[in-house]
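Chemist: This is the structure I want to talk about, given as C-alpha cells.
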Amino acid sequence: MDPLTGNSMLNRSPVAIYDSVAEQYDRERSAATYEQRLEIYRTLLDEHAPTARRVLDLGCGTGTFTRLLADRGFDVVGLDASREMLRIAVGSERPQRSAAVRYVHGDFIELPALGKFDVALTVGEPFNYLKDEAELVHVLRNVAAVLDSPGLLIFDVLSRRSFTRMTKVPHVEEVAGVIRVIKGEAEDDATHINVRERRFSPHGDLWKLVTNVHRHTLFDSDAIRRCASQAGYAGVQLYGIRQGRLQDRFDDELHAWCIAVAWKQ
Ligand SMILES: C[S@@+](CC[C@H](N)C(=O)[O-])C[C@H]1O[C@@H](n2cnc3c(N)ncnc32)[C@H](O)[C@@H]1O
C-alpha cells in the first residue's frame, strides 16, 4: 500500500471526473462567483436577446446557474453528461418551481432532441473538453439546430493566458477538507493542455488520493471566429473577463476567460 495514500484513483474522462467530484462540487465553489457570472450573462442577454425566455444550459453540472436563471424567470433545460452531477442538481430543485426547470442526461457532442430554445449557454468552460476545432464546429452546428431564429449561443472558454498560467504556476488550495494541487502540462501541439488535479482527502490514518486529468483544448480568438463561421453563425462577438468583470473586447493574452456570443439569423 502507498505509505501516503491508502487509496488512489485516476480519472481522465469528463464524465468520470465529474461523477467522482459531484458530491463535493458545490462546497468548493462560492455563491458569489455564480452571482457575478449571472450579472455578466444578464448583461449579454439584455444586449443581444432581451426577449429570450427558453434557455438551454449545456454542461449544467449541479445546476447552480440553471437555478439562478429559473429564479430570474427563464424556462431552463439543464443538460449534463455526468449522472452524479445531475443527481445533485435534481435533489437541489424546489418542487414548486419544477415547471421552469428540466434536467436531461446527455452529451452535447451528440445533442438529444430537446425542443427549441432562444438561447443556449455554457458556464464553467465545458467546451474546453472538446478535442479539437472539428468537434467544436460539430457542437456549434448541433446547437444552432436547436435554436429558434433569431437565436443566441453564449459560451465561455479558458484563454491562452489561463493555459500559460496553469503550466507555470501550480495552484494549491484546501477547501472543505480536500487539498487540491493543480498543475497543467502543455502538449507539443500548443493547443492542448493536461491539467492534473490531485485531490487529497482524509481516509482513516492515511489520505485518499484522486487524480483527475482534465485534457483541455485551447480555442483562441481566431479559432472561435473560424469555428462559429464554419458552423453557419451569422456573427460572433468576443468578450473578455478580467478579475470577474466583463470586458467588451477580448484579448487572448490579457484576459483569463473569453465569452463568445454567437447568433444565428
Ligand atoms: C466545470 S463543470 C461546470 C458545471 C456548471 N455549468 C457550473 O458552472 O457549475 C463542467 C460540466 O460540463 C459537463 N460536461 C463536460 N463535457 C460534457 C459533454 N460532452 N456533454 C455534456 N456535459 C458535459 C461535466 O459533466 C460538468 O458537469
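Residues are referred to by chain and number: the chain letter is A, B, ... according to the order shown in the C-alpha cells, the number counts from 1 in that chain, and ligands are numbered separately from 1 in the order shown.
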Find the residues around Leu111 in chain A up to 7 Å (only C-alpha atoms counted), leave out those fewer than 4 positions away in its own chain, and share them as a list in words.
Modeler: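 Here the answer would be Gly106, Asp107 and Asn142 of chain A.
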Chemist: How would the residues just chosen look if you wrote them out with C-alpha atoms as a PDB file, in the first residue's frame?
Modeler:
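What landed in out-v3.pdb:
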```
ATOM      1  CA  GLY A 106     -26.985  13.701 -22.359  1.00  0.00           C
ATOM      2  CA  ASP A 107     -23.856  14.620 -24.243  1.00  0.00           C
ATOM      3  CA  ASN A 142     -25.932  20.934 -33.426  1.00  0.00           C
TER       4      ASN A 142
END
```
Chemist: Could I get the residue neighbourhood of ligand 1 at 6 Å, counting only C-alpha atoms and all ligand atoms, as a list of chain:residue names?
Modeler: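 Residues lying within 6 Å of ligand 1: A:Pro14, A:Val15, A:Tyr18, A:Gly59, A:Cys60, A:Gly61, A:Thr64, A:Asp80, A:Ala81, A:Ser82, A:Met85, A:Gly106, A:Asp107, A:Phe108, A:Ile109, A:Val123, A:Gly124, A:Pro126, A:Tyr129.
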Chemist: Go ahead and write the residues just picked, N, CA and C atoms, as a PDB file, in the first residue's frame.
Modeler:
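Just written: result21.pdb:
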```
ATOM      1  N   PRO A  14     -14.248  13.442 -18.798  1.00  0.00           N
ATOM      2  CA  PRO A  14     -15.052  14.404 -18.031  1.00  0.00           C
ATOM      3  C   PRO A  14     -16.147  13.728 -17.208  1.00  0.00           C
ATOM      4  N   VAL A  15     -16.767  12.670 -17.763  1.00  0.00           N
ATOM      5  CA  VAL A  15     -17.845  12.021 -17.007  1.00  0.00           C
ATOM      6  C   VAL A  15     -17.283  11.379 -15.734  1.00  0.00           C
ATOM      7  N   TYR A  18     -16.316  14.222 -13.231  1.00  0.00           N
ATOM      8  CA  TYR A  18     -17.412  14.925 -12.544  1.00  0.00           C
ATOM      9  C   TYR A  18     -18.276  13.976 -11.729  1.00  0.00           C
ATOM     10  N   GLY A  59     -23.932  21.492 -20.141  1.00  0.00           N
ATOM     11  CA  GLY A  59     -22.944  21.168 -19.107  1.00  0.00           C
ATOM     12  C   GLY A  59     -23.347  21.845 -17.812  1.00  0.00           C
ATOM     13  N   CYS A  60     -24.606  21.642 -17.417  1.00  0.00           N
ATOM     14  CA  CYS A  60     -25.183  22.393 -16.276  1.00  0.00           C
ATOM     15  C   CYS A  60     -24.635  21.938 -14.930  1.00  0.00           C
ATOM     16  N   GLY A  61     -23.990  20.758 -14.888  1.00  0.00           N
ATOM     17  CA  GLY A  61     -23.415  20.279 -13.634  1.00  0.00           C
ATOM     18  C   GLY A  61     -24.465  20.107 -12.554  1.00  0.00           C
ATOM     19  N   THR A  64     -26.410  24.904 -10.322  1.00  0.00           N
ATOM     20  CA  THR A  64     -26.450  26.175  -9.576  1.00  0.00           C
ATOM     21  C   THR A  64     -26.836  27.331 -10.494  1.00  0.00           C
ATOM     22  N   ASP A  80     -26.487  17.596 -18.924  1.00  0.00           N
ATOM     23  CA  ASP A  80     -25.134  17.229 -18.491  1.00  0.00           C
ATOM     24  C   ASP A  80     -24.897  15.745 -18.750  1.00  0.00           C
ATOM     25  N   ALA A  81     -23.618  15.406 -18.973  1.00  0.00           N
ATOM     26  CA  ALA A  81     -23.260  14.015 -19.257  1.00  0.00           C
ATOM     27  C   ALA A  81     -22.976  13.229 -17.973  1.00  0.00           C
ATOM     28  N   SER A  82     -22.805  13.926 -16.858  1.00  0.00           N
ATOM     29  CA  SER A  82     -22.498  13.230 -15.599  1.00  0.00           C
ATOM     30  C   SER A  82     -23.784  12.979 -14.810  1.00  0.00           C
ATOM     31  N   MET A  85     -23.542  14.493 -11.207  1.00  0.00           N
ATOM     32  CA  MET A  85     -23.768  15.940 -11.120  1.00  0.00           C
ATOM     33  C   MET A  85     -25.273  16.214 -11.245  1.00  0.00           C
ATOM     34  N   GLY A 106     -27.362  13.818 -20.947  1.00  0.00           N
ATOM     35  CA  GLY A 106     -26.985  13.701 -22.359  1.00  0.00           C
ATOM     36  C   GLY A 106     -25.656  14.368 -22.627  1.00  0.00           C
ATOM     37  N   ASP A 107     -25.166  14.130 -23.830  1.00  0.00           N
ATOM     38  CA  ASP A 107     -23.856  14.620 -24.243  1.00  0.00           C
ATOM     39  C   ASP A 107     -24.077  15.739 -25.263  1.00  0.00           C
ATOM     40  N   PHE A 108     -23.437  16.888 -25.043  1.00  0.00           N
ATOM     41  CA  PHE A 108     -23.686  17.966 -26.027  1.00  0.00           C
ATOM     42  C   PHE A 108     -22.951  17.726 -27.351  1.00  0.00           C
ATOM     43  N   ILE A 109     -22.101  16.697 -27.389  1.00  0.00           N
ATOM     44  CA  ILE A 109     -21.459  16.371 -28.676  1.00  0.00           C
ATOM     45  C   ILE A 109     -22.495  15.711 -29.592  1.00  0.00           C
ATOM     46  N   VAL A 123     -21.529  27.572 -18.834  1.00  0.00           N
ATOM     47  CA  VAL A 123     -20.837  28.250 -17.728  1.00  0.00           C
ATOM     48  C   VAL A 123     -19.856  27.243 -17.137  1.00  0.00           C
ATOM     49  N   GLY A 124     -18.627  27.674 -16.888  1.00  0.00           N
ATOM     50  CA  GLY A 124     -17.634  26.754 -16.317  1.00  0.00           C
ATOM     51  C   GLY A 124     -16.822  26.048 -17.390  1.00  0.00           C
ATOM     52  N   PRO A 126     -17.239  24.146 -20.208  1.00  0.00           N
ATOM     53  CA  PRO A 126     -17.277  22.734 -20.630  1.00  0.00           C
ATOM     54  C   PRO A 126     -16.774  22.495 -22.058  1.00  0.00           C
ATOM     55  N   TYR A 129     -13.368  20.893 -23.015  1.00  0.00           N
ATOM     56  CA  TYR A 129     -13.164  19.438 -23.059  1.00  0.00           C
ATOM     57  C   TYR A 129     -13.286  18.886 -24.476  1.00  0.00           C
TER      58      TYR A 129
END
```
Chemist: Quick one: everything within 9 Å of Ala234 in chain A, counting only C-alpha atoms, minus sequence neighbours fewer than 4 positions away in the same chain. Send it as a list of chain:residue names.
Modeler: A:Ala228, A:Ser229, A:Ala262, A:Trp263, A:Lys264, A:Gln265
Chemist: Please produce an output containing N, CA and C atoms for each residue in the selection, written as a short mmCIF file (atom, residue, chain, number, x, y, z; two decimals), in the first residue's frame.
Modeler:
```cif
data_model
loop_
_atom_site.label_atom_id
_atom_site.label_comp_id
_atom_site.auth_asym_id
_atom_site.auth_seq_id
_atom_site.Cartn_x
_atom_site.Cartn_y
_atom_site.Cartn_z
N ALA A 228 -17.18 29.37 -35.42
CA ALA A 228 -18.55 29.91 -35.47
C ALA A 228 -18.96 30.14 -36.92
N SER A 229 -18.04 30.63 -37.73
CA SER A 229 -18.37 30.89 -39.12
C SER A 229 -18.59 29.56 -39.87
N ALA A 262 -22.53 34.14 -30.06
CA ALA A 262 -22.70 33.86 -31.49
C ALA A 262 -24.19 33.85 -31.80
N TRP A 263 -24.57 34.45 -32.91
CA TRP A 263 -26.01 34.48 -33.21
C TRP A 263 -26.28 33.90 -34.58
N LYS A 264 -27.44 33.25 -34.64
CA LYS A 264 -27.87 32.78 -35.95
C LYS A 264 -29.06 33.64 -36.36
N GLN A 265 -29.21 33.85 -37.67
CA GLN A 265 -30.26 34.76 -38.13
C GLN A 265 -31.65 34.14 -37.97
#
```
Chemist: For Ala70 in chain A, find every residue with an atom within 12 Å (counting only C-alpha atoms), except residues of its own chain fewer than 6 positions away, and show them as a list in words.
Modeler: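 After dropping sequence-adjacent residues, the list is Leu38, Arg53, Arg54, Val55, Leu56, Asp57, Gly63, Thr64, Val76, Val77, Gly78, Glu93, Arg94, Gln96, Arg97, Ser98, Ala99, Ala100, Val101 and Arg102 of chain A.
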Chemist: Skip range 27-31 of chain A itself and residues of its chain fewer than 3 positions away, then list as a PDB file with C-alpha atoms, in the first residue's frame all residues within 8 Å of it, counting only C-alpha atoms.
Modeler:
```pdb
ATOM      1  CA  GLN A  24     -18.115  17.956  -3.073  1.00  0.00           C
ATOM      2  CA  TYR A  34     -22.202  32.410  -9.638  1.00  0.00           C
ATOM      3  CA  GLU A  35     -23.919  35.723  -8.840  1.00  0.00           C
ATOM      4  CA  VAL A 175     -11.445  23.675   0.563  1.00  0.00           C
ATOM      5  CA  ALA A 176     -13.948  21.793   2.699  1.00  0.00           C
TER       6      ALA A 176
END
```
Chemist: What are the DSSP strand (DSSP E) residues of range 106-168 of chain A, as a PDB file with C-alpha atoms, in the first residue's frame?
Modeler:
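part06.pdb, freshly written:
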```pdb
ATOM      1  CA  PHE A 117     -34.602  27.496 -27.408  1.00  0.00           C
ATOM      2  CA  ASP A 118     -33.999  31.229 -27.660  1.00  0.00           C
ATOM      3  CA  VAL A 119     -30.590  30.919 -26.032  1.00  0.00           C
ATOM      4  CA  ALA A 120     -28.070  28.149 -25.351  1.00  0.00           C
ATOM      5  CA  LEU A 121     -25.196  28.822 -22.969  1.00  0.00           C
ATOM      6  CA  THR A 122     -22.319  27.283 -21.076  1.00  0.00           C
ATOM      7  CA  LEU A 147     -32.018  27.459 -31.533  1.00  0.00           C
ATOM      8  CA  ASP A 148     -35.022  29.318 -32.865  1.00  0.00           C
ATOM      9  CA  SER A 149     -34.372  32.206 -35.266  1.00  0.00           C
ATOM     10  CA  PRO A 150     -33.097  34.592 -34.082  1.00  0.00           C
ATOM     11  CA  GLY A 151     -31.183  32.510 -31.566  1.00  0.00           C
ATOM     12  CA  LEU A 152     -28.127  33.077 -29.459  1.00  0.00           C
ATOM     13  CA  LEU A 153     -25.308  30.900 -28.153  1.00  0.00           C
ATOM     14  CA  ILE A 154     -23.164  32.207 -25.300  1.00  0.00           C
ATOM     15  CA  PHE A 155     -20.194  30.027 -24.417  1.00  0.00           C
ATOM     16  CA  ASP A 156     -17.203  30.533 -22.161  1.00  0.00           C
ATOM     17  CA  VAL A 157     -13.706  29.144 -22.685  1.00  0.00           C
ATOM     18  CA  LEU A 158     -10.393  29.482 -20.906  1.00  0.00           C
TER      19      LEU A 158
END
```
Chemist: Given only C-alpha atoms as the basis, pick out the residue of A:Ser92, A:Lys116, A:Leu69, A:Asp19 nearest to Arg42 in chain A.
Modeler: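 Checking each of A:Ser92, A:Lys116, A:Leu69, A:Asp19 against Arg42 in chain A, counting only C-alpha atoms, the winner is A:Leu69.
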Chemist: Would you pick out the contacts of Asp220 in chain A at 12 Å or less, using only C-alpha atoms, so that residues sharing its chain but fewer than 4 positions from it are not included, and give the list as a compact mmCIF listing (two decimals) with N, CA and C atoms, in the first residue's frame?
Modeler:
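selection28.txt was written with the following content:
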```txt
# COMPACT_ATOMS: atom_id res chain seq x y z
N ASN A 128 -14.10 23.49 -23.35
CA ASN A 128 -12.65 23.22 -23.38
C ASN A 128 -12.36 21.71 -23.37
N ASP A 132 -11.03 19.04 -30.44
CA ASP A 132 -10.36 19.88 -31.45
C ASP A 132 -11.39 20.81 -32.10
N GLU A 133 -10.92 21.60 -33.05
CA GLU A 133 -11.82 22.55 -33.72
C GLU A 133 -12.95 21.85 -34.46
N ASP A 156 -18.43 30.03 -22.80
CA ASP A 156 -17.20 30.53 -22.16
C ASP A 156 -16.08 29.53 -22.35
N VAL A 157 -14.89 30.02 -22.60
CA VAL A 157 -13.71 29.14 -22.68
C VAL A 157 -12.54 29.81 -21.96
N LEU A 158 -11.62 28.96 -21.52
CA LEU A 158 -10.39 29.48 -20.91
C LEU A 158 -9.51 30.08 -21.99
N SER A 159 -8.80 31.11 -21.64
CA SER A 159 -7.97 31.81 -22.63
C SER A 159 -6.54 31.25 -22.68
N ARG A 160 -5.79 31.72 -23.65
CA ARG A 160 -4.37 31.37 -23.73
C ARG A 160 -3.65 31.79 -22.44
N ARG A 161 -4.05 32.93 -21.92
CA ARG A 161 -3.42 33.40 -20.66
C ARG A 161 -3.60 32.37 -19.55
N SER A 162 -4.82 31.82 -19.43
CA SER A 162 -5.08 30.83 -18.39
C SER A 162 -4.28 29.57 -18.63
N PHE A 163 -4.19 29.15 -19.91
CA PHE A 163 -3.41 27.95 -20.24
C PHE A 163 -1.95 28.14 -19.82
N ALA A 190 0.78 22.70 -28.70
CA ALA A 190 0.48 24.04 -28.18
C ALA A 190 -1.01 24.36 -28.13
N THR A 191 -1.88 23.42 -28.51
CA THR A 191 -3.31 23.71 -28.36
C THR A 191 -3.97 22.82 -27.31
N HIS A 192 -3.22 21.89 -26.75
CA HIS A 192 -3.81 21.03 -25.70
C HIS A 192 -2.99 21.12 -24.42
N ILE A 224 -12.13 30.52 -32.42
CA ILE A 224 -13.56 30.68 -32.11
C ILE A 224 -14.28 31.31 -33.30
N ARG A 225 -13.68 32.34 -33.87
CA ARG A 225 -14.31 33.02 -35.03
C ARG A 225 -14.44 32.05 -36.20
N ARG A 226 -13.35 31.30 -36.45
CA ARG A 226 -13.35 30.32 -37.55
C ARG A 226 -14.46 29.28 -37.33
N CYS A 227 -14.53 28.73 -36.12
CA CYS A 227 -15.50 27.66 -35.85
C CYS A 227 -16.93 28.17 -35.96
N LEU A 238 -16.70 38.62 -29.23
CA LEU A 238 -15.93 38.03 -28.12
C LEU A 238 -15.74 39.06 -27.01
N GLY A 240 -14.07 39.63 -22.97
CA GLY A 240 -13.11 39.10 -22.02
C GLY A 240 -13.67 39.16 -20.61
N PHE A 250 -12.10 41.13 -26.28
CA PHE A 250 -11.33 40.02 -25.70
C PHE A 250 -9.90 40.04 -26.21
N ASP A 251 -8.96 39.87 -25.28
CA ASP A 251 -7.54 39.81 -25.62
C ASP A 251 -7.00 38.47 -25.08
N ASP A 252 -6.50 37.62 -25.99
CA ASP A 252 -6.02 36.28 -25.61
C ASP A 252 -4.97 36.29 -24.52
N GLU A 253 -4.15 37.33 -24.52
CA GLU A 253 -3.02 37.36 -23.58
C GLU A 253 -3.35 38.06 -22.26
N HIS A 255 -6.80 38.49 -20.87
CA HIS A 255 -7.99 38.07 -20.13
C HIS A 255 -7.94 36.57 -19.81
N ALA A 256 -8.46 36.23 -18.63
CA ALA A 256 -8.42 34.83 -18.18
C ALA A 256 -9.45 33.97 -18.91
N TRP A 257 -10.59 34.57 -19.26
CA TRP A 257 -11.66 33.84 -19.95
C TRP A 257 -12.13 34.63 -21.15
N CYS A 258 -12.66 33.88 -22.10
CA CYS A 258 -13.37 34.51 -23.22
C CYS A 258 -14.83 34.08 -23.14
N ILE A 259 -15.72 35.03 -23.35
CA ILE A 259 -17.12 34.67 -23.52
C ILE A 259 -17.48 35.01 -24.95
N ALA A 260 -17.89 33.98 -25.70
CA ALA A 260 -18.25 34.18 -27.10
C ALA A 260 -19.77 34.25 -27.21
```
Chemist: By how many Å are CA of Leu114 in chain A and CA of Thr51 in chain A apart?
Modeler: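 So the answer is 20.3 Å.
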Chemist: Could you please determine the separation between CA of Phe65 in chain A and CA of Thr33 in chain A in Å, to one decimal place?
Modeler: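 Separation of CA of Phe65 in chain A and CA of Thr33 in chain A: 10.2 Å.
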Chemist: Check range 17-176 of chain A with DSSP on the backbone and list each residue it calls helix (DSSP H, G or I), as a PyMOL selection string.
Modeler: chain A and resi 17-28+31-48+64-71+83-91+95-100+108-110+126-129+133-146+160-168
Chemist: Nearest to Thr164 in chain A: which of A:Leu79, A:Ala113, A:Leu140, A:Val195 is it, counting only C-alpha atoms?
Modeler: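 Residue with the minimum atom-to-atom distance to Thr164 in chain A: A:Val195.
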Chemist: Would you pick out the contacts of Arg141 in chain A at 9 Å or less, using only C-alpha atoms, so that residues sharing its chain but fewer than 2 positions from it are not included, and give the list as a JSON list (two decimals) with N, CA and C atoms, in the first residue's frame?
Modeler:
```json
[["chain", "number", "residue", "atom", "x", "y", "z"],
["A", 136, "LEU", "N", -15.60, 21.18, -32.08],
["A", 136, "LEU", "CA", -16.32, 22.41, -31.69],
["A", 136, "LEU", "C", -17.29, 22.82, -32.80],
["A", 137, "VAL", "N", -16.86, 22.75, -34.06],
["A", 137, "VAL", "CA", -17.76, 23.11, -35.17],
["A", 137, "VAL", "C", -18.99, 22.21, -35.15],
["A", 138, "HIS", "N", -18.77, 20.92, -34.94],
["A", 138, "HIS", "CA", -19.86, 19.94, -34.89],
["A", 138, "HIS", "C", -20.87, 20.32, -33.78],
["A", 139, "VAL", "N", -20.34, 20.64, -32.61],
["A", 139, "VAL", "CA", -21.22, 21.01, -31.48],
["A", 139, "VAL", "C", -21.95, 22.32, -31.79],
["A", 143, "VAL", "N", -25.96, 22.79, -31.88],
["A", 143, "VAL", "CA", -26.63, 23.76, -31.01],
["A", 143, "VAL", "C", -27.47, 24.72, -31.86],
["A", 144, "ALA", "N", -26.92, 25.15, -33.00],
["A", 144, "ALA", "CA", -27.67, 26.06, -33.88],
["A", 144, "ALA", "C", -29.00, 25.42, -34.28],
["A", 145, "ALA", "N", -28.99, 24.09, -34.44],
["A", 145, "ALA", "CA", -30.20, 23.39, -34.88],
["A", 145, "ALA", "C", -31.31, 23.42, -33.81],
["A", 228, "ALA", "N", -17.18, 29.37, -35.42],
["A", 228, "ALA", "CA", -18.55, 29.91, -35.47],
["A", 228, "ALA", "C", -18.96, 30.14, -36.92],
["A", 230, "GLN", "N", -17.72, 28.57, -39.64],
["A", 230, "GLN", "CA", -17.90, 27.26, -40.30],
["A", 230, "GLN", "C", -19.21, 26.59, -39.89],
["A", 231, "ALA", "N", -19.64, 26.85, -38.66],
["A", 231, "ALA", "CA", -20.88, 26.24, -38.17],
["A", 231, "ALA", "C", -22.11, 27.01, -38.66],
["A", 232, "GLY", "N", -21.91, 28.09, -39.38],
["A", 232, "GLY", "CA", -23.02, 28.79, -40.01],
["A", 232, "GLY", "C", -23.62, 29.93, -39.21],
["A", 233, "TYR", "N", -22.96, 30.37, -38.15],
["A", 233, "TYR", "CA", -23.49, 31.50, -37.37],
["A", 233, "TYR", "C", -23.30, 32.79, -38.17]]
```
Chemist: Which is closer to Gly91 in chain A than all the others in A:Leu209, A:Glu174, A:Glu125, A:Glu23, using only C-alpha atoms?
Modeler: A:Glu23
Chemist: Quick one, how far is CA of Arg12 in chain A from CA of Arg165 in chain A?
Modeler: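 These two atoms are separated by 21.2 Å.
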Chemist: Rank A:Met166, A:Leu246, A:Ala49, A:Ala32 by their smallest atom-to-atom distance to Arg196 in chain A, using only C-alpha atoms, and report the top residue only.
Modeler: A:Met166
